[in-house]
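Source file: query_33.pdb (PDB, C-alpha atoms, pLDDT in the B column)
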```pdb
ATOM      1  CA  MET J   1       0.000   0.000   0.000  1.00 37.00           C
ATOM      2  CA  LYS J   2       3.170   2.117   0.101  1.00 35.00           C
ATOM      3  CA  ASN J   3       2.214   4.350   2.988  1.00 34.00           C
ATOM      4  CA  LEU J   4      -0.925   5.533   1.263  1.00 32.00           C
ATOM      5  CA  VAL J   5      -2.852   7.842   3.559  1.00 32.00           C
ATOM      6  CA  ILE J   6      -6.126   9.455   2.623  1.00 29.00           C
ATOM      7  CA  ILE J   7      -7.058  12.637   4.425  1.00 28.00           C
ATOM      8  CA  ILE J   8     -10.614  13.753   3.941  1.00 29.00           C
ATOM      9  CA  THR J   9     -11.880  16.966   5.487  1.00 30.00           C
ATOM     10  CA  LEU J  10     -15.418  16.691   6.800  1.00 31.00           C
ATOM     11  CA  ILE J  11     -17.456  19.890   6.434  1.00 30.00           C
ATOM     12  CA  LEU J  12     -19.370  20.721   9.578  1.00 30.00           C
ATOM     13  CA  PHE J  13     -22.539  22.647   8.689  1.00 32.00           C
ATOM     14  CA  SER J  14     -20.554  24.871   6.322  1.00 30.00           C
ATOM     15  CA  VAL J  15     -17.946  25.505   9.021  1.00 31.00           C
ATOM     16  CA  THR J  16     -14.328  25.291   7.932  1.00 34.00           C
ATOM     17  CA  ALA J  17     -12.214  22.320   8.983  1.00 42.00           C
ATOM     18  CA  SER J  18     -10.576  23.602  12.120  1.00 49.00           C
ATOM     19  CA  ALA J  19     -10.678  23.239  15.867  1.00 55.00           C
ATOM     20  CA  ASP J  20     -12.803  26.389  15.954  1.00 61.00           C
ATOM     21  CA  GLY J  21     -15.196  24.759  13.506  1.00 68.00           C
ATOM     22  CA  SER J  22     -15.566  21.763  15.801  1.00 75.00           C
ATOM     23  CA  LYS J  23     -16.380  24.031  18.723  1.00 78.00           C
ATOM     24  CA  SER J  24     -18.972  25.815  16.621  1.00 82.00           C
ATOM     25  CA  PHE J  25     -20.549  22.494  15.715  1.00 83.00           C
ATOM     26  CA  ALA J  26     -20.686  21.479  19.391  1.00 87.00           C
ATOM     27  CA  LYS J  27     -22.529  24.691  20.163  1.00 87.00           C
ATOM     28  CA  GLU J  28     -24.993  24.048  17.338  1.00 89.00           C
ATOM     29  CA  ALA J  29     -25.462  20.460  18.524  1.00 91.00           C
ATOM     30  CA  ARG J  30     -26.366  21.639  22.021  1.00 93.00           C
ATOM     31  CA  LYS J  31     -28.972  23.927  20.514  1.00 92.00           C
ATOM     32  CA  ASN J  32     -30.387  21.625  17.835  1.00 92.00           C
ATOM     33  CA  PHE J  33     -30.651  18.518  20.018  1.00 95.00           C
ATOM     34  CA  GLY J  34     -31.484  20.286  23.268  1.00 94.00           C
ATOM     35  CA  LEU J  35     -28.464  18.789  25.011  1.00 96.00           C
ATOM     36  CA  ASP J  36     -27.717  19.295  28.685  1.00 95.00           C
ATOM     37  CA  ASN J  37     -24.604  21.192  29.681  1.00 95.00           C
ATOM     38  CA  PHE J  38     -23.151  18.827  32.251  1.00 97.00           C
ATOM     39  CA  LYS J  39     -20.659  20.045  34.812  1.00 96.00           C
ATOM     40  CA  SER J  40     -18.251  18.134  37.035  1.00 94.00           C
ATOM     41  CA  LYS J  41     -20.641  18.624  39.960  1.00 96.00           C
ATOM     42  CA  HIS J  42     -23.110  16.285  38.272  1.00 97.00           C
ATOM     43  CA  LEU J  43     -20.652  13.417  38.786  1.00 96.00           C
ATOM     44  CA  LYS J  44     -21.498  13.518  42.477  1.00 96.00           C
ATOM     45  CA  ASP J  45     -24.638  11.625  41.502  1.00 96.00           C
ATOM     46  CA  MET J  46     -23.371   8.042  41.467  1.00 95.00           C
ATOM     47  CA  ASN J  47     -25.992   6.805  38.970  1.00 94.00           C
ATOM     48  CA  PHE J  48     -25.027   9.549  36.539  1.00 96.00           C
ATOM     49  CA  LYS J  49     -21.333   8.836  37.061  1.00 96.00           C
ATOM     50  CA  VAL J  50     -21.837   5.139  36.307  1.00 95.00           C
ATOM     51  CA  ALA J  51     -23.850   5.992  33.179  1.00 96.00           C
ATOM     52  CA  THR J  52     -21.114   8.376  32.023  1.00 97.00           C
ATOM     53  CA  ALA J  53     -18.436   5.739  32.666  1.00 96.00           C
ATOM     54  CA  THR J  54     -20.413   3.175  30.664  1.00 96.00           C
ATOM     55  CA  ILE J  55     -20.709   5.472  27.645  1.00 97.00           C
ATOM     56  CA  TYR J  56     -17.095   6.623  27.899  1.00 98.00           C
ATOM     57  CA  THR J  57     -15.644   3.107  28.118  1.00 97.00           C
ATOM     58  CA  ILE J  58     -17.689   1.699  25.250  1.00 97.00           C
ATOM     59  CA  LEU J  59     -16.689   4.618  23.022  1.00 98.00           C
ATOM     60  CA  GLU J  60     -13.053   4.185  24.044  1.00 97.00           C
ATOM     61  CA  ASN J  61     -13.217   0.633  22.662  1.00 97.00           C
ATOM     62  CA  THR J  62     -15.253   1.403  19.537  1.00 98.00           C
ATOM     63  CA  GLN J  63     -13.302   0.821  16.332  1.00 97.00           C
ATOM     64  CA  GLU J  64     -14.792   2.137  13.099  1.00 96.00           C
ATOM     65  CA  PHE J  65     -15.066  -0.767  10.719  1.00 97.00           C
ATOM     66  CA  SER J  66     -18.761  -1.155   9.853  1.00 98.00           C
ATOM     67  CA  ILE J  67     -19.181   2.535   9.024  1.00 98.00           C
ATOM     68  CA  HIS J  68     -16.727   1.988   6.155  1.00 98.00           C
ATOM     69  CA  GLN J  69     -18.406  -1.232   4.985  1.00 98.00           C
ATOM     70  CA  MET J  70     -21.812  -0.011   3.863  1.00 97.00           C
ATOM     71  CA  ASP J  71     -23.595  -1.057   0.661  1.00 95.00           C
ATOM     72  CA  GLY J  72     -22.343  -4.614   1.075  1.00 95.00           C
ATOM     73  CA  ALA J  73     -18.631  -3.734   1.086  1.00 97.00           C
ATOM     74  CA  THR J  74     -18.044  -5.956   4.105  1.00 97.00           C
ATOM     75  CA  GLU J  75     -14.467  -6.806   3.095  1.00 97.00           C
ATOM     76  CA  ASN J  76     -13.264  -3.217   3.304  1.00 97.00           C
ATOM     77  CA  LYS J  77     -10.450  -2.756   5.799  1.00 97.00           C
ATOM     78  CA  THR J  78      -9.885   0.445   7.752  1.00 97.00           C
ATOM     79  CA  PHE J  79      -6.517   1.586   9.074  1.00 97.00           C
ATOM     80  CA  LEU J  80      -6.018   4.351  11.612  1.00 96.00           C
ATOM     81  CA  HIS J  81      -2.767   6.292  11.781  1.00 95.00           C
ATOM     82  CA  LYS J  82      -1.162   6.361  15.212  1.00 93.00           C
ATOM     83  CA  ASP J  83      -1.850  10.093  15.420  1.00 94.00           C
ATOM     84  CA  GLY J  84      -5.569   9.240  15.486  1.00 92.00           C
ATOM     85  CA  HIS J  85      -6.402  11.831  12.834  1.00 93.00           C
ATOM     86  CA  ARG J  86      -5.732  10.131   9.520  1.00 95.00           C
ATOM     87  CA  GLU J  87      -7.483   7.047   8.176  1.00 96.00           C
ATOM     88  CA  ALA J  88      -7.199   4.858   5.102  1.00 96.00           C
ATOM     89  CA  VAL J  89      -9.797   2.433   3.747  1.00 97.00           C
ATOM     90  CA  PHE J  90      -8.997  -0.347   1.259  1.00 98.00           C
ATOM     91  CA  ASP J  91     -11.279  -2.740  -0.577  1.00 97.00           C
ATOM     92  CA  LYS J  92     -10.842  -6.513  -0.839  1.00 96.00           C
ATOM     93  CA  ASP J  93      -8.402  -6.060  -3.732  1.00 97.00           C
ATOM     94  CA  GLY J  94      -6.207  -3.642  -1.825  1.00 96.00           C
ATOM     95  CA  ASN J  95      -7.402  -0.555  -3.689  1.00 97.00           C
ATOM     96  CA  ALA J  96      -7.993   2.680  -1.818  1.00 97.00           C
ATOM     97  CA  VAL J  97     -11.682   3.423  -1.317  1.00 97.00           C
ATOM     98  CA  GLU J  98     -12.150   7.018  -2.426  1.00 93.00           C
ATOM     99  CA  GLY J  99     -15.885   7.317  -2.948  1.00 92.00           C
ATOM    100  CA  CYS J 100     -18.828   7.818  -0.621  1.00 94.00           C
ATOM    101  CA  PRO J 101     -20.167   6.385   1.562  1.00 96.00           C
ATOM    102  CA  ASN J 102     -17.168   4.313   2.681  1.00 97.00           C
ATOM    103  CA  LYS J 103     -14.158   6.536   2.086  1.00 95.00           C
ATOM    104  CA  ALA J 104     -11.786   7.538   4.865  1.00 95.00           C
ATOM    105  CA  THR J 105     -12.468  10.678   6.868  1.00 92.00           C
ATOM    106  CA  TYR J 106     -10.297  12.992   8.912  1.00 93.00           C
ATOM    107  CA  ASN J 107     -10.649  12.829  12.697  1.00 95.00           C
ATOM    108  CA  TYR J 108     -10.409  16.039  14.689  1.00 94.00           C
ATOM    109  CA  TYR J 109     -10.075  14.032  17.909  1.00 95.00           C
ATOM    110  CA  HIS J 110      -8.393  10.694  18.614  1.00 96.00           C
ATOM    111  CA  PRO J 111     -11.042   7.924  18.751  1.00 96.00           C
ATOM    112  CA  PHE J 112      -9.453   6.166  21.740  1.00 96.00           C
ATOM    113  CA  GLN J 113      -7.613   8.898  23.607  1.00 96.00           C
ATOM    114  CA  THR J 114     -10.492  11.407  23.503  1.00 96.00           C
ATOM    115  CA  PRO J 115     -13.543   9.249  22.702  1.00 98.00           C
ATOM    116  CA  LEU J 116     -16.191  11.730  23.836  1.00 98.00           C
ATOM    117  CA  GLY J 117     -14.666  14.597  21.866  1.00 96.00           C
ATOM    118  CA  HIS J 118     -14.319  12.280  18.868  1.00 96.00           C
ATOM    119  CA  PHE J 119     -18.000  11.394  18.983  1.00 97.00           C
ATOM    120  CA  THR J 120     -19.054  15.042  19.110  1.00 96.00           C
ATOM    121  CA  ALA J 121     -16.650  16.408  16.487  1.00 95.00           C
ATOM    122  CA  ASP J 122     -16.316  13.473  14.091  1.00 95.00           C
ATOM    123  CA  ILE J 123     -19.095  10.896  14.468  1.00 97.00           C
ATOM    124  CA  LEU J 124     -22.103  13.114  15.073  1.00 96.00           C
ATOM    125  CA  PRO J 125     -21.520  15.264  11.938  1.00 94.00           C
ATOM    126  CA  TRP J 126     -21.003  12.086   9.904  1.00 96.00           C
ATOM    127  CA  LEU J 127     -24.239  10.598  11.211  1.00 97.00           C
ATOM    128  CA  LEU J 128     -26.046  13.742  10.135  1.00 95.00           C
ATOM    129  CA  MET J 129     -24.444  14.332   6.738  1.00 93.00           C
ATOM    130  CA  GLY J 130     -22.340  11.375   5.662  1.00 95.00           C
ATOM    131  CA  SER J 131     -18.842  11.523   4.182  1.00 93.00           C
ATOM    132  CA  CYS J 132     -19.508  14.038   1.427  1.00 91.00           C
ATOM    133  CA  ARG J 133     -22.155  16.353   0.023  1.00 88.00           C
ATOM    134  CA  TYR J 134     -23.651  13.710  -2.269  1.00 89.00           C
ATOM    135  CA  ASP J 135     -23.337  10.725   0.065  1.00 92.00           C
ATOM    136  CA  SER J 136     -25.666   7.962  -1.136  1.00 93.00           C
ATOM    137  CA  SER J 137     -26.170   6.468   2.317  1.00 96.00           C
ATOM    138  CA  THR J 138     -29.272   7.229   4.333  1.00 96.00           C
ATOM    139  CA  LEU J 139     -29.357   8.400   7.925  1.00 97.00           C
ATOM    140  CA  ASP J 140     -30.834   5.031   8.941  1.00 98.00           C
ATOM    141  CA  GLN J 141     -28.000   3.171   7.220  1.00 98.00           C
ATOM    142  CA  ARG J 142     -25.370   5.290   8.941  1.00 98.00           C
ATOM    143  CA  VAL J 143     -26.936   4.799  12.359  1.00 98.00           C
ATOM    144  CA  ASP J 144     -27.242   1.042  11.785  1.00 98.00           C
ATOM    145  CA  ALA J 145     -23.575   0.822  10.792  1.00 98.00           C
ATOM    146  CA  TYR J 146     -22.421   2.909  13.732  1.00 98.00           C
ATOM    147  CA  VAL J 147     -24.441   0.869  16.235  1.00 98.00           C
ATOM    148  CA  LEU J 148     -22.694  -2.254  14.920  1.00 98.00           C
ATOM    149  CA  ASP J 149     -19.342  -0.663  15.738  1.00 98.00           C
ATOM    150  CA  PHE J 150     -20.613   0.582  19.105  1.00 98.00           C
ATOM    151  CA  ARG J 151     -21.896  -2.907  19.934  1.00 98.00           C
ATOM    152  CA  ALA J 152     -18.515  -4.384  18.989  1.00 98.00           C
ATOM    153  CA  GLY J 153     -16.847  -1.843  21.286  1.00 97.00           C
ATOM    154  CA  PHE J 154     -19.015  -3.022  24.151  1.00 97.00           C
ATOM    155  CA  GLU J 155     -18.181  -6.671  23.420  1.00 96.00           C
ATOM    156  CA  ARG J 156     -14.482  -5.863  23.163  1.00 96.00           C
ATOM    157  CA  ASN J 157     -14.426  -4.192  26.548  1.00 95.00           C
ATOM    158  CA  LEU J 158     -16.564  -6.886  28.166  1.00 93.00           C
ATOM    159  CA  ASN J 159     -14.343  -9.679  26.823  1.00 94.00           C
ATOM    160  CA  ASN J 160     -11.227  -7.905  28.070  1.00 91.00           C
ATOM    161  CA  GLY J 161     -12.726  -7.763  31.550  1.00 89.00           C
ATOM    162  CA  ASN J 162     -11.779  -4.123  31.988  1.00 84.00           C
ATOM    163  CA  GLY J 163     -15.023  -2.980  33.553  1.00 90.00           C
ATOM    164  CA  PHE J 164     -16.384   0.525  33.088  1.00 93.00           C
ATOM    165  CA  TYR J 165     -14.532   3.560  34.337  1.00 94.00           C
ATOM    166  CA  LEU J 166     -13.677   7.207  33.858  1.00 96.00           C
ATOM    167  CA  PRO J 167     -10.108   8.517  33.628  1.00 94.00           C
ATOM    168  CA  GLU J 168      -8.601   9.725  36.869  1.00 92.00           C
ATOM    169  CA  LYS J 169      -9.693  13.290  37.661  1.00 89.00           C
ATOM    170  CA  PHE J 170     -12.227  13.264  34.797  1.00 94.00           C
ATOM    171  CA  ARG J 171     -14.002  16.599  34.486  1.00 92.00           C
ATOM    172  CA  PHE J 172     -16.573  17.979  32.039  1.00 94.00           C
ATOM    173  CA  LYS J 173     -14.205  20.664  30.798  1.00 90.00           C
ATOM    174  CA  LYS J 174     -12.705  19.248  27.625  1.00 92.00           C
ATOM    175  CA  PHE J 175     -14.311  19.622  24.224  1.00 94.00           C
ATOM    176  CA  GLY J 176     -17.318  17.454  23.401  1.00 95.00           C
ATOM    177  CA  GLN J 177     -17.538  15.539  26.669  1.00 96.00           C
ATOM    178  CA  SER J 178     -20.830  16.941  27.893  1.00 97.00           C
ATOM    179  CA  GLU J 179     -22.363  16.909  24.403  1.00 97.00           C
ATOM    180  CA  ALA J 180     -21.515  13.244  23.776  1.00 98.00           C
ATOM    181  CA  VAL J 181     -22.802  11.991  27.123  1.00 98.00           C
ATOM    182  CA  SER J 182     -25.914  14.148  26.853  1.00 98.00           C
ATOM    183  CA  PHE J 183     -26.634  12.897  23.319  1.00 98.00           C
ATOM    184  CA  PHE J 184     -26.470   9.242  24.388  1.00 98.00           C
ATOM    185  CA  LEU J 185     -28.585   9.798  27.502  1.00 98.00           C
ATOM    186  CA  LYS J 186     -31.144  11.806  25.536  1.00 97.00           C
ATOM    187  CA  ALA J 187     -31.308   9.089  22.869  1.00 98.00           C
ATOM    188  CA  LEU J 188     -31.950   6.471  25.541  1.00 97.00           C
ATOM    189  CA  ASP J 189     -34.584   8.675  27.144  1.00 97.00           C
ATOM    190  CA  GLU J 190     -36.300   9.185  23.765  1.00 96.00           C
ATOM    191  CA  SER J 191     -36.561   5.387  23.539  1.00 96.00           C
ATOM    192  CA  GLY J 192     -37.966   5.079  27.036  1.00 96.00           C
ATOM    193  CA  TYR J 193     -34.894   3.215  28.275  1.00 96.00           C
ATOM    194  CA  ASP J 194     -33.396   3.832  31.714  1.00 93.00           C
ATOM    195  CA  ILE J 195     -29.656   3.207  31.579  1.00 93.00           C
ATOM    196  CA  GLU J 196     -29.770   2.278  35.266  1.00 88.00           C
ATOM    197  CA  ASN J 197     -31.455  -0.958  34.138  1.00 86.00           C
ATOM    198  CA  PHE J 198     -28.349  -1.771  32.142  1.00 89.00           C
ATOM    199  CA  SER J 199     -25.360  -0.540  34.053  1.00 82.00           C
ATOM    200  CA  PRO J 200     -23.975  -2.121  36.040  1.00 82.00           C
ATOM    201  CA  LYS J 201     -26.465  -4.634  37.409  1.00 82.00           C
ATOM    202  CA  ASN J 202     -27.678  -6.190  34.116  1.00 87.00           C
ATOM    203  CA  ILE J 203     -24.547  -5.627  32.049  1.00 91.00           C
ATOM    204  CA  ASN J 204     -24.091  -9.369  31.378  1.00 91.00           C
ATOM    205  CA  SER J 205     -27.698 -10.061  30.428  1.00 94.00           C
ATOM    206  CA  LYS J 206     -27.985 -10.754  26.697  1.00 95.00           C
ATOM    207  CA  ASP J 207     -31.619  -9.693  26.694  1.00 95.00           C
ATOM    208  CA  GLU J 208     -30.768  -6.420  28.417  1.00 95.00           C
ATOM    209  CA  GLN J 209     -27.886  -5.838  26.019  1.00 96.00           C
ATOM    210  CA  GLU J 210     -30.256  -6.195  23.073  1.00 96.00           C
ATOM    211  CA  ARG J 211     -32.707  -3.748  24.633  1.00 96.00           C
ATOM    212  CA  PHE J 212     -29.873  -1.309  25.296  1.00 97.00           C
ATOM    213  CA  PHE J 213     -28.510  -1.348  21.740  1.00 97.00           C
ATOM    214  CA  LYS J 214     -31.983  -1.216  20.222  1.00 98.00           C
ATOM    215  CA  ALA J 215     -32.749   1.823  22.365  1.00 98.00           C
ATOM    216  CA  ILE J 216     -29.513   3.478  21.200  1.00 98.00           C
ATOM    217  CA  GLU J 217     -30.457   2.810  17.566  1.00 98.00           C
ATOM    218  CA  LEU J 218     -34.030   4.071  17.855  1.00 98.00           C
ATOM    219  CA  GLY J 219     -33.069   7.067  19.965  1.00 98.00           C
ATOM    220  CA  PHE J 220     -30.282   8.124  17.588  1.00 98.00           C
ATOM    221  CA  LYS J 221     -32.607   7.964  14.602  1.00 98.00           C
ATOM    222  CA  LYS J 222     -35.299   9.963  16.344  1.00 97.00           C
ATOM    223  CA  LEU J 223     -32.931  12.705  17.487  1.00 97.00           C
ATOM    224  CA  LEU J 224     -31.121  12.970  14.160  1.00 97.00           C
ATOM    225  CA  LYS J 225     -34.290  13.054  12.073  1.00 95.00           C
ATOM    226  CA  ASN J 226     -35.728  15.806  14.228  1.00 91.00           C
ATOM    227  CA  ALA J 227     -32.582  17.957  14.131  1.00 82.00           C
TER
END
```

Taking this structure as input, can you express it in the form of structure tokens?
Amino acid sequence: MKNLVIIITLILFSVTASADGSKSFAKEARKNFGLDNFKSKHLKDMNFKVATATIYTILENTQEFSIHQMDGATENKTFLHKDGHREAVFDKDGNAVEGCPNKATYNYYHPFQTPLGHFTADILPWLLMGSCRYDSSTLDQRVDAYVLDFRAGFERNLNNGNGFYLPEKFRFKKFGQSEAVSFFLKALDESGYDIENFSPKNINSKDEQERFFKAIELGFKKLLKNA
């Protein structure tokens, strides 16, 4: 592949590709989705802290494979540069995938080192608009693909036996943290699902896992379609 790296700039609501653009999108997201502005003081509520840890840890283990395998391209392989920003996607014949909806995109925030910021700046705009202006994928298809990756992130963490946690001295100060947690909790609420039923007491129940992921899927679609 000879060090081929594809850098695609994702346009955020006609905002230029920059850190400032990401912050502008976060502000718009708070407004458009009616997201809560969580502060560190909210972590004093143990149920909320556990819910936040559950979302954070799953996102930290979510690798983006299915979102680059839509339209039946299940043999596409995605590679992430160690800097966390650049991606490359190749088809089953080793050719770079350059067209929508599966092409590589540029990450403003590292998917594993800053998973909440990554969701707000990189995943949420993609869910809304796709990889390019004339993306052929539908919102439902994008949500379905992302939930597959999110589910795999949950399974990965569960199989590793790492539990659910927040980084030491975690605070709601860094970019996208409050927006990401609020979006997930609002999506679950829109689906009538109480995350306390899932985490941590029923985390190993297959039936509860299915209800949890189905609620994520339905809630995401409802929020995004009403934006």

Which region 126-175 of chain J residues have any atom within 8 Å of an atom of region 50-53 of chain J, and for each, what is the nearest pair of atoms with distance in Å to one decimal, counting all atoms listed in the file, rows sorted by chain and number, as a Markdown table?
```
| residue | atom | partner | partner_atom | distance |
| --- | --- | --- | --- | --- |
| J:Phe164 | CA | J:Ala53 | CA | 5.6 |
| J:Tyr165 | CA | J:Ala53 | CA | 4.8 |
| J:Leu166 | CA | J:Ala53 | CA | 5.1 |
```

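Between CA of Ser136 (chain J) and CA of Phe213 (chain J) there is a distance of 24.9 Å.
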
- Arg133 (chain J) proximity check over J:Ala187, J:Pro111, J:Thr57, J:Pro101, using all atoms listed in the file: winner is J:Pro101

- Query: Please, what distance in Å, to one decimal, runs between CA of Asp149 (chain J) and CA of Met46 (chain J)?
  - Reply: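 Result for CA of Asp149 (chain J) versus CA of Met46 (chain J): 27.5 Å, one decimal.
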
- Message: Nearest residue to Asp144 (chain J) out of J:Val97, J:Ala180, J:Leu185, J:Ile216, using all atoms listed in the file?
- Response: J:Ile216

- Message: Please return as an MDAnalysis selection string every residue within 10 Å of (-17.7, 22.9, 19.4), taking into account only C-alpha atoms and the file's own coordinates.
- Response: chainID J and resid 19:30 117 120:121 175:176 179

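Here CA of His85 (chain J) is placed at a distance of 25.5 Å from CA of Asn162 (chain J).
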
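Proximity to region 218-225 of chain J at 6 Å, evaluated using only C-alpha atoms and with sequence-adjacent residues fewer than 6 positions away removed, yields Ala187, Leu188, Glu190 and Ser191 of chain J.
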
Leaving out Asp71 (chain J) and any residue of its chain fewer than 5 positions from it, which residues lie within 12 Å of it when counting only C-alpha atoms, given as a JSON list (two decimals) with C-alpha atoms, in the coordinates of the input?
```json
[["chain", "number", "residue", "atom", "x", "y", "z"],
["J", 66, "SER", "CA", -18.76, -1.16, 9.85],
["J", 76, "ASN", "CA", -13.26, -3.22, 3.30],
["J", 99, "GLY", "CA", -15.88, 7.32, -2.95],
["J", 100, "CYS", "CA", -18.83, 7.82, -0.62],
["J", 101, "PRO", "CA", -20.17, 6.38, 1.56],
["J", 102, "ASN", "CA", -17.17, 4.31, 2.68],
["J", 135, "ASP", "CA", -23.34, 10.72, 0.06],
["J", 136, "SER", "CA", -25.67, 7.96, -1.14],
["J", 137, "SER", "CA", -26.17, 6.47, 2.32],
["J", 138, "THR", "CA", -29.27, 7.23, 4.33],
["J", 141, "GLN", "CA", -28.00, 3.17, 7.22],
["J", 142, "ARG", "CA", -25.37, 5.29, 8.94],
["J", 144, "ASP", "CA", -27.24, 1.04, 11.78],
["J", 145, "ALA", "CA", -23.58, 0.82, 10.79]]
```

- J:Ile67, J:Ala88, J:Val181, J:Ile55: which is nearest Leu139 (chain J), counting only C-alpha atoms?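 Ranked by minimum distance to Leu139 (chain J), first place goes to J:Ile67.
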
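Using all atoms listed in the file, the contacts of Pro167 (chain J) at a cut-off of 12 Å, with sequence neighbours closer than 3 positions omitted, comprise Lys49, Thr52, Ala53, Thr54, Tyr56, Thr57, Glu60, Gln113, Thr114, Pro115, Leu116, Phe164, Phe170, Arg171 and Phe172 of chain J.
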
Store the residues picked out above in a file with C-alpha atoms, as a CSV table (one decimal), keeping the file's coordinate frame.
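Result file follows (selection.csv):
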```
chain,number,residue,atom,x,y,z
J,49,LYS,CA,-21.3,8.8,37.1
J,52,THR,CA,-21.1,8.4,32.0
J,53,ALA,CA,-18.4,5.7,32.7
J,54,THR,CA,-20.4,3.2,30.7
J,56,TYR,CA,-17.1,6.6,27.9
J,57,THR,CA,-15.6,3.1,28.1
J,60,GLU,CA,-13.1,4.2,24.0
J,113,GLN,CA,-7.6,8.9,23.6
J,114,THR,CA,-10.5,11.4,23.5
J,115,PRO,CA,-13.5,9.2,22.7
J,116,LEU,CA,-16.2,11.7,23.8
J,164,PHE,CA,-16.4,0.5,33.1
J,170,PHE,CA,-12.2,13.3,34.8
J,171,ARG,CA,-14.0,16.6,34.5
J,172,PHE,CA,-16.6,18.0,32.0
```

- Task: Counting all atoms listed in the file, figure out which residue out of J:Lys41, J:Lys103, J:Lys82, J:Arg151 gets nearest to Leu59 (chain J).
- Result: J:Arg151

- Message: Nearest residue to Phe65 (chain J) out of J:Tyr193, J:Phe212, J:Trp126, J:Phe150, using all atoms listed in the file?
- Response: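 Ranking J:Tyr193, J:Phe212, J:Trp126, J:Phe150 by distance to Phe65 (chain J), first place goes to J:Phe150.
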
- Message: Under the PyMOL selection byres ((chain J and resi 83) around 12), which residues of this model are included? Write them out as a PyMOL selection string.
- Response: chain J and resi 79-82+84-87+106-114

Output file for the selection above: C-alpha atoms, as a PDB file, keeping the file's coordinate frame:
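Produced file part.pdb, reproduced below:
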```pdb
ATOM      1  CA  PHE J  79      -6.517   1.586   9.074  1.00 97.00           C
ATOM      2  CA  LEU J  80      -6.018   4.351  11.612  1.00 96.00           C
ATOM      3  CA  HIS J  81      -2.767   6.292  11.781  1.00 95.00           C
ATOM      4  CA  LYS J  82      -1.162   6.361  15.212  1.00 93.00           C
ATOM      5  CA  GLY J  84      -5.569   9.240  15.486  1.00 92.00           C
ATOM      6  CA  HIS J  85      -6.402  11.831  12.834  1.00 93.00           C
ATOM      7  CA  ARG J  86      -5.732  10.131   9.520  1.00 95.00           C
ATOM      8  CA  GLU J  87      -7.483   7.047   8.176  1.00 96.00           C
ATOM      9  CA  TYR J 106     -10.297  12.992   8.912  1.00 93.00           C
ATOM     10  CA  ASN J 107     -10.649  12.829  12.697  1.00 95.00           C
ATOM     11  CA  TYR J 108     -10.409  16.039  14.689  1.00 94.00           C
ATOM     12  CA  TYR J 109     -10.075  14.032  17.909  1.00 95.00           C
ATOM     13  CA  HIS J 110      -8.393  10.694  18.614  1.00 96.00           C
ATOM     14  CA  PRO J 111     -11.042   7.924  18.751  1.00 96.00           C
ATOM     15  CA  PHE J 112      -9.453   6.166  21.740  1.00 96.00           C
ATOM     16  CA  GLN J 113      -7.613   8.898  23.607  1.00 96.00           C
ATOM     17  CA  THR J 114     -10.492  11.407  23.503  1.00 96.00           C
TER      18      THR J 114
END
```

- Query: If I put a ball of radius 9 Å at (-12.5, -3.9, 2.6) in the file's coordinates, which residues poke into it when counting all atoms listed in the file, written as a ChimeraX atom specification?
  - Reply: /J:68-69,73-78,89-95,97

- Which one of J:Asn47, J:Thr105, J:Lys173, J:Ala215 sits closest to Glu196 (chain J) if you count all atoms listed in the file? J:Asn47
